>>> print(open('coords_1.cif').read())   # mmCIF, C-alpha atoms
data_run
loop_
_atom_site.group_PDB
_atom_site.id
_atom_site.type_symbol
_atom_site.label_atom_id
_atom_site.label_comp_id
_atom_site.auth_asym_id
_atom_site.auth_seq_id
_atom_site.Cartn_x
_atom_site.Cartn_y
_atom_site.Cartn_z
ATOM 1 C CA MET M 1 78.618 91.921 102.720
ATOM 2 C CA VAL M 2 82.079 90.781 103.865
ATOM 3 C CA LEU M 3 81.833 87.484 105.674
ATOM 4 C CA GLY M 4 84.513 88.281 108.224
ATOM 5 C CA GLU M 5 82.946 91.566 109.263
ATOM 6 C CA ASN M 6 80.585 89.752 111.640
ATOM 7 C CA LEU M 7 83.622 88.878 113.735
ATOM 8 C CA VAL M 8 84.195 92.555 114.558
ATOM 9 C CA ASP M 9 82.151 94.093 117.368
ATOM 10 C CA GLN M 10 81.917 97.673 118.630
ATOM 11 C CA ASN M 11 84.356 96.905 121.459
ATOM 12 C CA THR M 12 87.069 95.498 119.205
ATOM 13 C CA ILE M 13 90.534 96.619 120.306
ATOM 14 C CA LYS M 14 92.404 97.850 117.249
ATOM 15 C CA LEU M 15 95.893 99.193 116.679
ATOM 16 C CA PRO M 16 95.973 102.911 117.613
ATOM 17 C CA ASN M 17 97.297 105.597 115.302
ATOM 18 C CA ILE M 18 101.101 105.625 115.100
ATOM 19 C CA ASP M 19 102.443 109.171 115.165
ATOM 20 C CA LEU M 20 105.586 109.586 113.071
ATOM 21 C CA SER M 21 104.682 113.107 111.996
ATOM 22 C CA ASP M 22 107.942 114.554 113.356
ATOM 23 C CA ASN M 23 109.869 112.280 110.927
ATOM 24 C CA PRO M 24 112.014 110.445 113.507
ATOM 25 C CA ASP M 25 114.951 108.237 112.607
ATOM 26 C CA ILE M 26 114.235 104.738 111.304
ATOM 27 C CA GLU M 27 115.155 103.008 114.579
ATOM 28 C CA THR M 28 112.765 105.189 116.592
ATOM 29 C CA ALA M 29 109.983 104.619 114.057
ATOM 30 C CA ALA M 30 110.506 100.855 114.022
ATOM 31 C CA LYS M 31 110.480 100.584 117.811
ATOM 32 C CA LEU M 32 107.325 102.704 118.093
ATOM 33 C CA ILE M 33 105.539 100.546 115.505
ATOM 34 C CA PHE M 34 106.564 97.332 117.270
ATOM 35 C CA ARG M 35 105.688 98.651 120.749
ATOM 36 C CA GLU M 36 102.186 99.684 119.665
ATOM 37 C CA SER M 37 101.726 96.393 117.808
ATOM 38 C CA ILE M 38 102.722 94.234 120.760
ATOM 39 C CA LYS M 39 100.514 96.332 123.074
ATOM 40 C CA HIS M 40 97.580 95.681 120.726
ATOM 41 C CA LEU M 41 98.404 91.970 120.747
ATOM 42 C CA ARG M 42 98.576 91.802 124.552
ATOM 43 C CA SER M 43 95.276 93.656 124.999
ATOM 44 C CA ASN M 44 93.414 91.245 122.727
ATOM 45 C CA PHE M 45 95.133 88.231 124.297
ATOM 46 C CA LYS M 46 93.819 89.300 127.716
ATOM 47 C CA LYS M 47 90.352 89.879 126.275
ATOM 48 C CA PHE M 48 90.273 86.462 124.632
ATOM 49 C CA GLN M 49 91.652 84.840 127.785
ATOM 50 C CA LYS M 50 88.863 86.424 129.822
ATOM 51 C CA SER M 51 85.880 85.897 127.524
ATOM 52 C CA GLY M 52 86.814 83.722 124.539
ATOM 53 C CA ASN M 53 85.682 86.583 122.296
ATOM 54 C CA PRO M 54 85.963 85.635 118.562
ATOM 55 C CA ALA M 55 86.684 89.265 117.607
ATOM 56 C CA ALA M 56 89.623 89.331 120.033
ATOM 57 C CA LEU M 57 90.930 86.090 118.534
ATOM 58 C CA MET M 58 90.703 87.625 115.076
ATOM 59 C CA GLN M 59 92.628 90.697 116.287
ATOM 60 C CA ILE M 60 95.338 88.452 117.755
ATOM 61 C CA ARG M 61 95.768 86.864 114.343
ATOM 62 C CA ILE M 62 95.807 90.263 112.627
ATOM 63 C CA GLY M 63 98.284 91.567 115.189
ATOM 64 C CA MET M 64 100.721 88.711 114.631
ATOM 65 C CA ARG M 65 100.486 89.098 110.872
ATOM 66 C CA ARG M 66 101.083 92.835 111.206
ATOM 67 C CA ILE M 67 104.197 92.264 113.320
ATOM 68 C CA ARG M 68 105.538 89.834 110.711
ATOM 69 C CA VAL M 69 105.067 92.506 108.048
ATOM 70 C CA GLY M 70 106.949 94.938 110.293
ATOM 71 C CA LEU M 71 109.809 92.437 110.644
ATOM 72 C CA THR M 72 110.033 92.287 106.859
ATOM 73 C CA ILE M 73 109.876 96.066 106.401
ATOM 74 C CA PHE M 74 112.677 96.748 108.877
ATOM 75 C CA ARG M 75 114.791 93.693 107.983
ATOM 76 C CA PRO M 76 117.849 95.867 107.060
ATOM 77 C CA ILE M 77 118.192 96.872 110.736
ATOM 78 C CA ILE M 78 117.117 93.588 112.380
ATOM 79 C CA PRO M 79 119.614 90.727 112.834
ATOM 80 C CA LYS M 80 118.639 87.766 110.664
ATOM 81 C CA GLU M 81 118.464 85.301 113.563
ATOM 82 C CA VAL M 82 116.113 87.631 115.482
ATOM 83 C CA ARG M 83 113.863 88.158 112.489
ATOM 84 C CA SER M 84 113.760 84.460 111.600
ATOM 85 C CA ARG M 85 112.935 83.344 115.118
ATOM 86 C CA PHE M 86 110.072 85.731 115.797
ATOM 87 C CA ASN M 87 108.690 85.348 112.287
ATOM 88 C CA ARG M 88 108.595 81.565 112.768
ATOM 89 C CA GLU M 89 106.880 81.862 116.152
ATOM 90 C CA PHE M 90 104.232 84.344 115.018
ATOM 91 C CA ARG M 91 103.552 82.330 111.849
ATOM 92 C CA TYR M 92 103.004 79.155 113.875
ATOM 93 C CA PHE M 93 100.411 80.735 116.146
ATOM 94 C CA GLY M 94 98.802 82.632 113.255
ATOM 95 C CA ASN M 95 98.303 79.471 111.206
ATOM 96 C CA MET M 96 96.820 77.718 114.226
ATOM 97 C CA LEU M 97 94.234 80.486 114.645
ATOM 98 C CA GLY M 98 93.289 80.516 110.959
ATOM 99 C CA HIS M 99 90.988 77.495 110.942
ATOM 100 C CA ALA M 100 89.136 78.632 114.062
ATOM 101 C CA ARG M 101 88.467 81.952 112.352
ATOM 102 C CA ASN M 102 87.094 80.102 109.286
ATOM 103 C CA MET M 103 84.813 78.070 111.566
ATOM 104 C CA ASP M 104 83.525 81.259 113.210
ATOM 105 C CA VAL M 105 82.712 82.737 109.793
ATOM 106 C CA PHE M 106 80.994 79.520 108.735
ATOM 107 C CA LEU M 107 78.835 79.455 111.877
ATOM 108 C CA GLN M 108 78.050 83.147 112.222
ATOM 109 C CA VAL M 109 77.453 83.927 108.562
ATOM 110 C CA THR M 110 77.309 81.008 106.117
ATOM 111 C CA LEU M 111 74.865 79.003 108.235
ATOM 112 C CA THR M 112 73.127 81.791 110.116
ATOM 113 C CA ARG M 113 71.764 83.500 107.032
ATOM 114 C CA GLU M 114 70.055 80.230 106.055
ATOM 115 C CA ALA M 115 68.499 79.680 109.495
ATOM 116 C CA LYS M 116 65.122 81.272 108.758
ATOM 117 C CA LYS M 117 64.412 79.279 105.620
ATOM 118 C CA ALA M 118 61.716 76.850 106.749
ATOM 119 C CA PRO M 119 62.517 73.982 104.320
ATOM 120 C CA HIS M 120 66.079 73.762 105.691
ATOM 121 C CA LYS M 121 65.516 73.967 109.436
ATOM 122 C CA LYS M 122 66.277 70.295 110.095
ATOM 123 C CA ALA M 123 69.408 70.346 107.932
ATOM 124 C CA TYR M 124 70.493 73.638 109.486
ATOM 125 C CA SER M 125 70.180 72.261 113.020
ATOM 126 C CA GLU M 126 72.131 69.133 112.113
ATOM 127 C CA LEU M 127 74.936 71.056 110.440
ATOM 128 C CA ARG M 128 75.135 73.569 113.248
ATOM 129 C CA LEU M 129 75.368 70.780 115.846
ATOM 130 C CA HIS M 130 78.437 69.301 114.142
ATOM 131 C CA ALA M 131 79.974 72.685 113.266
ATOM 132 C CA GLU M 132 79.750 73.925 116.853
ATOM 133 C CA ALA M 133 81.355 70.719 118.153
ATOM 134 C CA TRP M 134 84.170 71.103 115.620
ATOM 135 C CA ARG M 135 84.606 74.761 116.462
ATOM 136 C CA ASP M 136 84.722 74.011 120.211
ATOM 137 C CA GLU M 137 87.487 71.466 119.583
ATOM 138 C CA GLU M 138 89.477 74.126 117.692
ATOM 139 C CA TYR M 139 89.082 76.585 120.556
ATOM 140 C CA GLU M 140 90.227 73.990 123.082
ATOM 141 C CA VAL M 141 93.417 73.439 121.094
ATOM 142 C CA ILE M 142 93.961 77.195 120.764
ATOM 143 C CA SER M 143 93.381 77.761 124.467
ATOM 144 C CA ARG M 144 95.921 75.091 125.376
ATOM 145 C CA GLU M 145 98.492 76.579 123.008
ATOM 146 C CA LEU M 146 97.907 80.250 123.816
ATOM 147 C CA PHE M 147 97.521 79.833 127.576
ATOM 148 C CA GLY M 148 100.178 77.170 128.032
ATOM 149 C CA GLY M 149 102.868 79.758 128.736
ATOM 150 C CA HIS M 150 104.910 79.662 125.535
ATOM 151 C CA PHE M 151 102.928 82.377 123.771
ATOM 152 C CA GLU M 152 103.173 84.810 126.683
ATOM 153 C CA SER M 153 106.874 84.033 127.062
ATOM 154 C CA MET M 154 107.460 84.699 123.366
ATOM 155 C CA VAL M 155 105.578 88.022 123.553
ATOM 156 C CA LYS M 156 107.660 89.069 126.572
ATOM 157 C CA GLU M 157 110.878 88.195 124.764
ATOM 158 C CA PHE M 158 109.766 90.179 121.728
ATOM 159 C CA ASP M 159 108.942 93.158 123.927
ATOM 160 C CA LYS M 160 112.326 92.861 125.623
ATOM 161 C CA TRP M 161 114.099 92.743 122.262
ATOM 162 C CA VAL M 162 112.236 95.841 121.026
ATOM 163 C CA SER M 163 113.467 97.781 124.070
ATOM 164 C CA SER M 164 117.051 96.552 123.720
ATOM 165 C CA ASP M 165 120.010 98.191 121.996
ATOM 166 C CA TRP M 166 119.784 96.826 118.457
ATOM 167 C CA SER M 167 123.086 98.326 117.380
ATOM 168 C CA THR M 168 125.162 95.809 119.366
ATOM 169 C CA LYS M 169 124.406 93.085 116.785
ATOM 170 C CA LEU M 170 124.448 95.198 113.629
ATOM 171 C CA GLY M 171 127.131 96.102 111.131
ATOM 172 C CA ARG M 172 128.241 99.590 110.168
ATOM 173 C CA ALA M 173 125.827 99.952 107.227
ATOM 174 C CA ALA M 174 122.789 98.947 109.314
ATOM 175 C CA LYS M 175 123.794 101.306 112.132
ATOM 176 C CA LYS M 176 124.104 104.144 109.633
ATOM 177 C CA LEU M 177 120.680 103.346 108.174
ATOM 178 C CA MET M 178 119.044 103.325 111.630
ATOM 179 C CA ALA M 179 119.973 106.972 112.145
ATOM 180 C CA LYS M 180 118.442 108.207 108.875
ATOM 181 C CA PRO M 181 115.008 109.931 108.806
ATOM 182 C CA VAL M 182 112.114 107.562 108.269
ATOM 183 C CA ALA M 183 110.263 109.483 105.506
ATOM 184 C CA PRO M 184 112.537 108.473 102.568
ATOM 185 C CA PHE M 185 112.580 104.909 103.917
ATOM 186 C CA ALA M 186 108.754 104.894 104.073
ATOM 187 C CA LEU M 187 108.519 106.101 100.470
ATOM 188 C CA THR M 188 110.657 103.159 99.352
ATOM 189 C CA VAL M 189 108.596 100.684 101.391
ATOM 190 C CA LEU M 190 105.305 101.959 99.931
ATOM 191 C CA GLU M 191 106.641 101.902 96.388
ATOM 192 C CA GLU M 192 108.016 98.374 96.693
ATOM 193 C CA GLY M 193 104.840 97.110 98.376
ATOM 194 C CA GLY M 194 102.655 98.602 95.657
ATOM 195 C CA THR M 195 104.815 97.082 92.929
ATOM 196 C CA GLU M 196 104.710 93.652 94.581
ATOM 197 C CA LEU M 197 100.919 93.822 94.733
ATOM 198 C CA LEU M 198 100.551 94.892 91.111
ATOM 199 C CA ASN M 199 102.874 92.113 89.978
ATOM 200 C CA GLN M 200 100.582 89.547 91.618
ATOM 201 C CA GLY M 201 97.462 90.451 89.697
ATOM 202 C CA THR M 202 98.578 91.367 86.205
ATOM 203 C CA GLU M 203 96.273 88.676 84.747
ATOM 204 C CA ASP M 204 93.591 88.503 87.415
ATOM 205 C CA GLU M 205 90.990 86.928 85.119
ATOM 206 C CA HIS M 206 93.185 83.828 84.850
ATOM 207 C CA LEU M 207 93.915 83.462 88.560
ATOM 208 C CA SER M 208 92.495 80.637 90.687
ATOM 209 C CA ALA M 209 90.756 81.171 94.027
ATOM 210 C CA ASP M 210 93.994 80.248 95.818
ATOM 211 C CA GLU M 211 95.976 82.688 93.683
ATOM 212 C CA LEU M 212 93.455 85.434 94.381
ATOM 213 C CA HIS M 213 93.997 84.721 98.076
ATOM 214 C CA ASP M 214 97.714 85.348 97.496
ATOM 215 C CA VAL M 215 96.820 88.684 95.878
ATOM 216 C CA ARG M 216 94.835 89.497 99.007
ATOM 217 C CA LYS M 217 97.904 88.831 101.153
ATOM 218 C CA TYR M 218 99.852 91.412 99.170
ATOM 219 C CA ALA M 219 96.941 93.853 99.449
ATOM 220 C CA LYS M 220 97.086 93.391 103.232
ATOM 221 C CA ARG M 221 100.815 94.070 103.225
ATOM 222 C CA ALA M 222 100.363 97.242 101.185
ATOM 223 C CA ARG M 223 97.626 98.313 103.582
ATOM 224 C CA TYR M 224 99.825 97.652 106.632
ATOM 225 C CA HIS M 225 102.652 99.650 105.020
ATOM 226 C CA LEU M 226 100.307 102.585 104.597
ATOM 227 C CA ARG M 227 98.953 102.055 108.128
ATOM 228 C CA PHE M 228 102.404 102.212 109.699
ATOM 229 C CA PHE M 229 103.501 105.356 107.860
ATOM 230 C CA SER M 230 100.187 107.186 107.356
ATOM 231 C CA SER M 231 101.086 110.081 109.691
ATOM 232 C CA LEU M 232 103.878 111.106 107.315
ATOM 233 C CA PHE M 233 101.531 111.776 104.383
ATOM 234 C CA ASN M 234 98.640 114.052 103.474
ATOM 235 C CA GLU M 235 95.406 112.767 104.953
ATOM 236 C CA ASP M 236 93.410 112.823 101.698
ATOM 237 C CA LYS M 237 96.000 110.728 99.850
ATOM 238 C CA VAL M 238 96.214 108.211 102.696
ATOM 239 C CA HIS M 239 92.413 107.958 102.818
ATOM 240 C CA GLU M 240 92.288 107.317 99.064
ATOM 241 C CA GLY M 241 94.816 104.496 99.331
ATOM 242 C CA PHE M 242 93.103 102.963 102.356
ATOM 243 C CA GLN M 243 89.695 102.951 100.658
ATOM 244 C CA ILE M 244 91.002 101.102 97.616
ATOM 245 C CA LEU M 245 93.010 98.543 99.610
ATOM 246 C CA ILE M 246 90.320 97.916 102.218
ATOM 247 C CA GLU M 247 87.637 97.328 99.583
ATOM 248 C CA MET M 248 90.006 95.165 97.541
ATOM 249 C CA GLN M 249 90.909 93.115 100.606
ATOM 250 C CA ASP M 250 87.219 92.741 101.482
ATOM 251 C CA CYS M 251 86.280 91.543 97.983
ATOM 252 C CA LEU M 252 89.046 88.956 97.901
ATOM 253 C CA GLY M 253 88.355 88.002 101.517
ATOM 254 C CA HIS M 254 84.744 87.246 100.667
ATOM 255 C CA ILE M 255 85.830 84.948 97.843
ATOM 256 C CA ASN M 256 88.252 83.100 100.108
ATOM 257 C CA ASP M 257 85.668 82.831 102.898
ATOM 258 C CA VAL M 258 83.243 81.228 100.460
ATOM 259 C CA LYS M 259 85.935 78.791 99.296
ATOM 260 C CA GLU M 260 86.804 77.839 102.879
ATOM 261 C CA GLY M 261 83.104 77.612 103.789
ATOM 262 C CA MET M 262 82.468 75.139 100.980
ATOM 263 C CA ILE M 263 85.368 72.990 102.200
ATOM 264 C CA ILE M 264 84.023 73.035 105.756
ATOM 265 C CA LEU M 265 80.486 72.286 104.551
ATOM 266 C CA SER M 266 81.614 69.241 102.585
ATOM 267 C CA GLN M 267 83.654 67.934 105.530
ATOM 268 C CA ILE M 268 80.845 68.381 108.036
ATOM 269 C CA ALA M 269 78.317 66.811 105.657
ATOM 270 C CA GLU M 270 80.210 63.516 106.009
ATOM 271 C CA ASP M 271 79.143 63.325 109.672
ATOM 272 C CA VAL M 272 75.418 64.165 109.428
ATOM 273 C CA ARG M 273 72.711 61.577 110.054
ATOM 274 C CA ALA M 274 71.568 59.646 106.989
ATOM 275 C CA ASP M 275 67.966 60.837 107.335
ATOM 276 C CA CYS M 276 69.205 64.463 107.136
ATOM 277 C CA TYR M 277 71.626 64.009 104.283
ATOM 278 C CA GLY M 278 69.214 64.827 101.469
ATOM 279 C CA ASP M 279 68.085 68.020 103.194
ATOM 280 C CA VAL M 280 71.716 68.941 103.904
ATOM 281 C CA LEU M 281 72.522 68.634 100.194
ATOM 282 C CA ARG M 282 69.538 70.823 99.303
ATOM 283 C CA LEU M 283 70.686 73.405 101.876
ATOM 284 C CA ALA M 284 74.201 73.233 100.452
ATOM 285 C CA ALA M 285 72.808 73.833 96.959
ATOM 286 C CA ASP M 286 71.040 76.992 98.157
ATOM 287 C CA ILE M 287 74.203 78.200 99.887
ATOM 288 C CA LEU M 288 76.216 77.583 96.714
ATOM 289 C CA THR M 289 73.687 79.454 94.581
ATOM 290 C CA ASP M 290 73.754 82.490 96.873
ATOM 291 C CA ALA M 291 77.552 82.365 97.086
ATOM 292 C CA SER M 292 78.023 82.148 93.307
ATOM 293 C CA GLU M 293 75.958 85.284 92.731
ATOM 294 C CA GLU M 294 77.872 87.187 95.402
ATOM 295 C CA ILE M 295 81.245 86.069 94.042
ATOM 296 C CA ASP M 296 80.334 87.327 90.573
ATOM 297 C CA GLN M 297 79.563 90.724 92.091
ATOM 298 C CA HIS M 298 82.775 90.801 94.131
ATOM 299 C CA LEU M 299 84.947 89.809 91.174
ATOM 300 C CA LYS M 300 83.487 92.654 89.141
ATOM 301 C CA GLN M 301 84.078 95.048 92.031
ATOM 302 C CA PHE M 302 87.636 93.771 92.422
ATOM 303 C CA ASN M 303 88.386 94.423 88.748
ATOM 304 C CA ASP M 304 87.165 98.019 89.153
ATOM 305 C CA LEU M 305 89.270 98.464 92.294
ATOM 306 C CA TRP M 306 92.305 97.033 90.527
ATOM 307 C CA LYS M 307 92.082 99.722 87.855
ATOM 308 C CA ARG M 308 91.832 102.370 90.575
ATOM 309 C CA TYR M 309 94.886 100.980 92.338
ATOM 310 C CA GLU M 310 96.867 100.921 89.105
ATOM 311 C CA ALA M 311 96.165 104.652 88.807
ATOM 312 C CA PHE M 312 96.958 105.355 92.472
ATOM 313 C CA SER M 313 100.356 106.574 93.611
ATOM 314 C CA ILE M 314 101.797 108.136 96.729
ATOM 315 C CA GLY M 315 105.141 109.861 96.624
ATOM 316 C CA LYS M 316 107.409 112.611 97.864
ATOM 317 C CA ASP M 317 104.941 115.368 96.929
ATOM 318 C CA ASP M 318 102.360 113.773 99.256
ATOM 319 C CA LEU M 319 104.523 114.097 102.386
ATOM 320 C CA ARG M 320 103.134 116.429 104.998
ATOM 321 C CA LYS M 321 104.918 119.773 105.013
#
>>> encode(input="coords_1.cif", output="structure tokens")
Amino acid sequence: MVLGENLVDQNTIKLPNIDLSDNPDIETAAKLIFRESIKHLRSNFKKFQKSGNPAALMQIRIGMRRIRVGLTIFRPIIPKEVRSRFNREFRYFGNMLGHARNMDVFLQVTLTREAKKAPHKKAYSELRLHAEAWRDEEYEVISRELFGGHFESMVKEFDKWVSSDWSTKLGRAAKKLMAKPVAPFALTVLEEGGTELLNQGTEDEHLSADELHDVRKYAKRARYHLRFFSSLFNEDKVHEGFQILIEMQDCLGHINDVKEGMIILSQIAEDVRADCYGDVLRLAADILTDASEEIDQHLKQFNDLWKRYEAFSIGKDDLRK
């Protein structure tokens, strides 16, 4: 089980398919990708604003990260000052949302699966009381930041920039690149992204939990690359790549969620009542035991997926005819 999957419901608003099948020029492709991405971001912002839905908050974070990847992909045709500004803004809001997401995972999964164990009911109730208070504080901060006006203003400015004439601030080489077909550009992006990922995990058995989280970031990037340009390639090859990257991301995500959950558990344990502390420690021991067994399984699965990814390639012969 992937811990974060409980934050996705059947009504989750996801990025729609991006149709580049007619192999447009790079500028047209970039603008389509950014327009669909910002539309996805706006839709989830409105949903979170209306209901406080954790899945919508998670999609906002994903959407901002996806846009930052897009800014990196198309950096040769984006003025540096534009790229730096929006990247800084989206990173700020994304980091702010990260801890709230970890708290949601801790509450909805780490604690919830222990709720029915009779010996731990008192400790569970005490931990949940403090965790919910902490989580509510995080959401209050997020609501103030997201609904204070700056976020919406930044999104509007990004949308306005996407619709503008980029060429007015670009040199001759960038203007020439913008007019080229996107397929060769996409092939380069996928190749470079795959190489970057493989370079991160060449000695995965020696990597720390934090370093494995970095590997996951590169797996996400490779997945977003494939997501953006999937309509250019044969469906079977795209599906193969997605399956490997999604499962790899899920395995590494589980490990990171456990790491973050243990940090949260230790911090919350400092605030529990003294008469509950012994039971809280016993509950924590059970959680750690369950988590250690699951991590062993996910590390083994990750190693198998890594070998599959090393053998995977997507190239010119996989372009749709």
>>> residues_around(input="coords_1.cif", residues="Glu145 of chain M", least_positions_apart="3", cutoff="12 Å", atoms="only C-alpha atoms", output="PDB file with C-alpha atoms, in the coordinates of the input")
ATOM      1  CA  GLN M  49      91.652  84.840 127.785  1.00  0.00           C
ATOM      2  CA  TYR M  92     103.004  79.155 113.875  1.00  0.00           C
ATOM      3  CA  PHE M  93     100.411  80.735 116.146  1.00  0.00           C
ATOM      4  CA  GLY M  94      98.802  82.632 113.255  1.00  0.00           C
ATOM      5  CA  MET M  96      96.820  77.718 114.226  1.00  0.00           C
ATOM      6  CA  LEU M  97      94.234  80.486 114.645  1.00  0.00           C
ATOM      7  CA  GLU M 138      89.477  74.126 117.692  1.00  0.00           C
ATOM      8  CA  TYR M 139      89.082  76.585 120.556  1.00  0.00           C
ATOM      9  CA  GLU M 140      90.227  73.990 123.082  1.00  0.00           C
ATOM     10  CA  VAL M 141      93.417  73.439 121.094  1.00  0.00           C
ATOM     11  CA  ILE M 142      93.961  77.195 120.764  1.00  0.00           C
ATOM     12  CA  GLY M 148     100.178  77.170 128.032  1.00  0.00           C
ATOM     13  CA  GLY M 149     102.868  79.758 128.736  1.00  0.00           C
ATOM     14  CA  HIS M 150     104.910  79.662 125.535  1.00  0.00           C
ATOM     15  CA  PHE M 151     102.928  82.377 123.771  1.00  0.00           C
ATOM     16  CA  GLU M 152     103.173  84.810 126.683  1.00  0.00           C
ATOM     17  CA  SER M 153     106.874  84.033 127.062  1.00  0.00           C
TER      18      SER M 153
END
>>> atom_distance(input="coords_1.cif", atom1="atom CA of Leu265 of chain M", atom2="atom CA of Thr12 of chain M")
28.2 Å
>>> closest_atom_pairs(input="coords_1.cif", of="segment 47-126 of chain M", to="segment 241-263 of chain M", cutoff="9 Å", atoms="only C-alpha atoms", output="Markdown table")
| residue | atom | partner | partner_atom | distance |
| --- | --- | --- | --- | --- |
| M:Asn102 | CA | M:Glu260 | CA | 6.8 |
| M:Met103 | CA | M:Gly261 | CA | 8.0 |
| M:Val105 | CA | M:Asp257 | CA | 7.5 |
| M:Phe106 | CA | M:Gly261 | CA | 5.7 |
| M:Thr110 | CA | M:Gly261 | CA | 7.1 |
>>> atom_distance(input="coords_1.cif", atom1="atom CA of Asn44 of chain M", atom2="atom CA of Arg75 of chain M")
26.1 Å
>>> closest_residue(input="coords_1.cif", among="M:Ile78, M:Asp275, M:Ser143, M:Val155", to="Ala174 of chain M", atoms="only C-alpha atoms")
M:Ile78
>>> closest_atom_pairs(input="coords_1.cif", of="segment 204-266 of chain M", to="segment 182-197 of chain M", cutoff="8 Å", atoms="all atoms listed in the file", output="tab-separated table")
residue	atom	partner	partner_atom	distance
M:Val215	CA	M:Leu197	CA	6.7
M:Tyr218	CA	M:Leu197	CA	5.2
M:Ala219	CA	M:Leu197	CA	6.2
M:Arg221	CA	M:Gly193	CA	7.0
M:Ala222	CA	M:Gly193	CA	5.3
M:His225	CA	M:Leu190	CA	6.2
M:Leu226	CA	M:Leu190	CA	6.9
M:Phe229	CA	M:Ala186	CA	6.5
M:Leu232	CA	M:Ala183	CA	6.8
>>> resolve_selection(input="coords_1.cif", expression="the PyMOL selection byres ((chain M and resi 58-63) around 9)", output="NGL selection string")
:M and (7-8 or 12-15 or 37-38 or 40-45 or 48 or 53-57 or 64-68 or 90 or 93-95 or 97-98 or 101)
>>> residues_near_point(input="coords_1.cif", point="(99.9, 104.2, 119.0)", cutoff="10 Å", atoms="only C-alpha atoms", output="NGL selection string")
:M and (14-20 or 32-37 or 39-40 or 228)
>>> build_atoms(input="coords_1.cif", residues="segment 183-195 of chain M", atoms="N, CA and C atoms", output="compact mmCIF listing (two decimals), keeping the file's coordinate frame")
# COMPACT_ATOMS: atom_id res chain seq x y z
N ALA M 183 111.11 109.15 106.67
CA ALA M 183 110.26 109.48 105.51
C ALA M 183 110.78 108.90 104.19
N PRO M 184 112.05 109.09 103.81
CA PRO M 184 112.54 108.47 102.57
C PRO M 184 112.44 106.95 102.59
N PHE M 185 112.70 106.36 103.75
CA PHE M 185 112.58 104.91 103.92
C PHE M 185 111.14 104.48 103.68
N ALA M 186 110.18 105.22 104.24
CA ALA M 186 108.75 104.89 104.07
C ALA M 186 108.34 104.98 102.61
N LEU M 187 108.85 105.96 101.90
CA LEU M 187 108.52 106.10 100.47
C LEU M 187 108.96 104.86 99.70
N THR M 188 110.15 104.36 100.02
CA THR M 188 110.66 103.16 99.35
C THR M 188 109.80 101.94 99.68
N VAL M 189 109.43 101.81 100.95
CA VAL M 189 108.60 100.68 101.39
C VAL M 189 107.25 100.69 100.67
N LEU M 190 106.61 101.86 100.59
CA LEU M 190 105.30 101.96 99.93
C LEU M 190 105.41 101.66 98.44
N GLU M 191 106.46 102.15 97.82
CA GLU M 191 106.64 101.90 96.39
C GLU M 191 106.87 100.42 96.11
N GLU M 192 107.73 99.80 96.90
CA GLU M 192 108.02 98.37 96.69
C GLU M 192 106.79 97.51 96.98
N GLY M 193 106.04 97.87 98.04
CA GLY M 193 104.84 97.11 98.38
C GLY M 193 103.79 97.21 97.29
N GLY M 194 103.62 98.41 96.74
CA GLY M 194 102.66 98.60 95.66
C GLY M 194 103.04 97.82 94.41
N THR M 195 104.33 97.82 94.10
CA THR M 195 104.82 97.08 92.93
C THR M 195 104.61 95.58 93.10
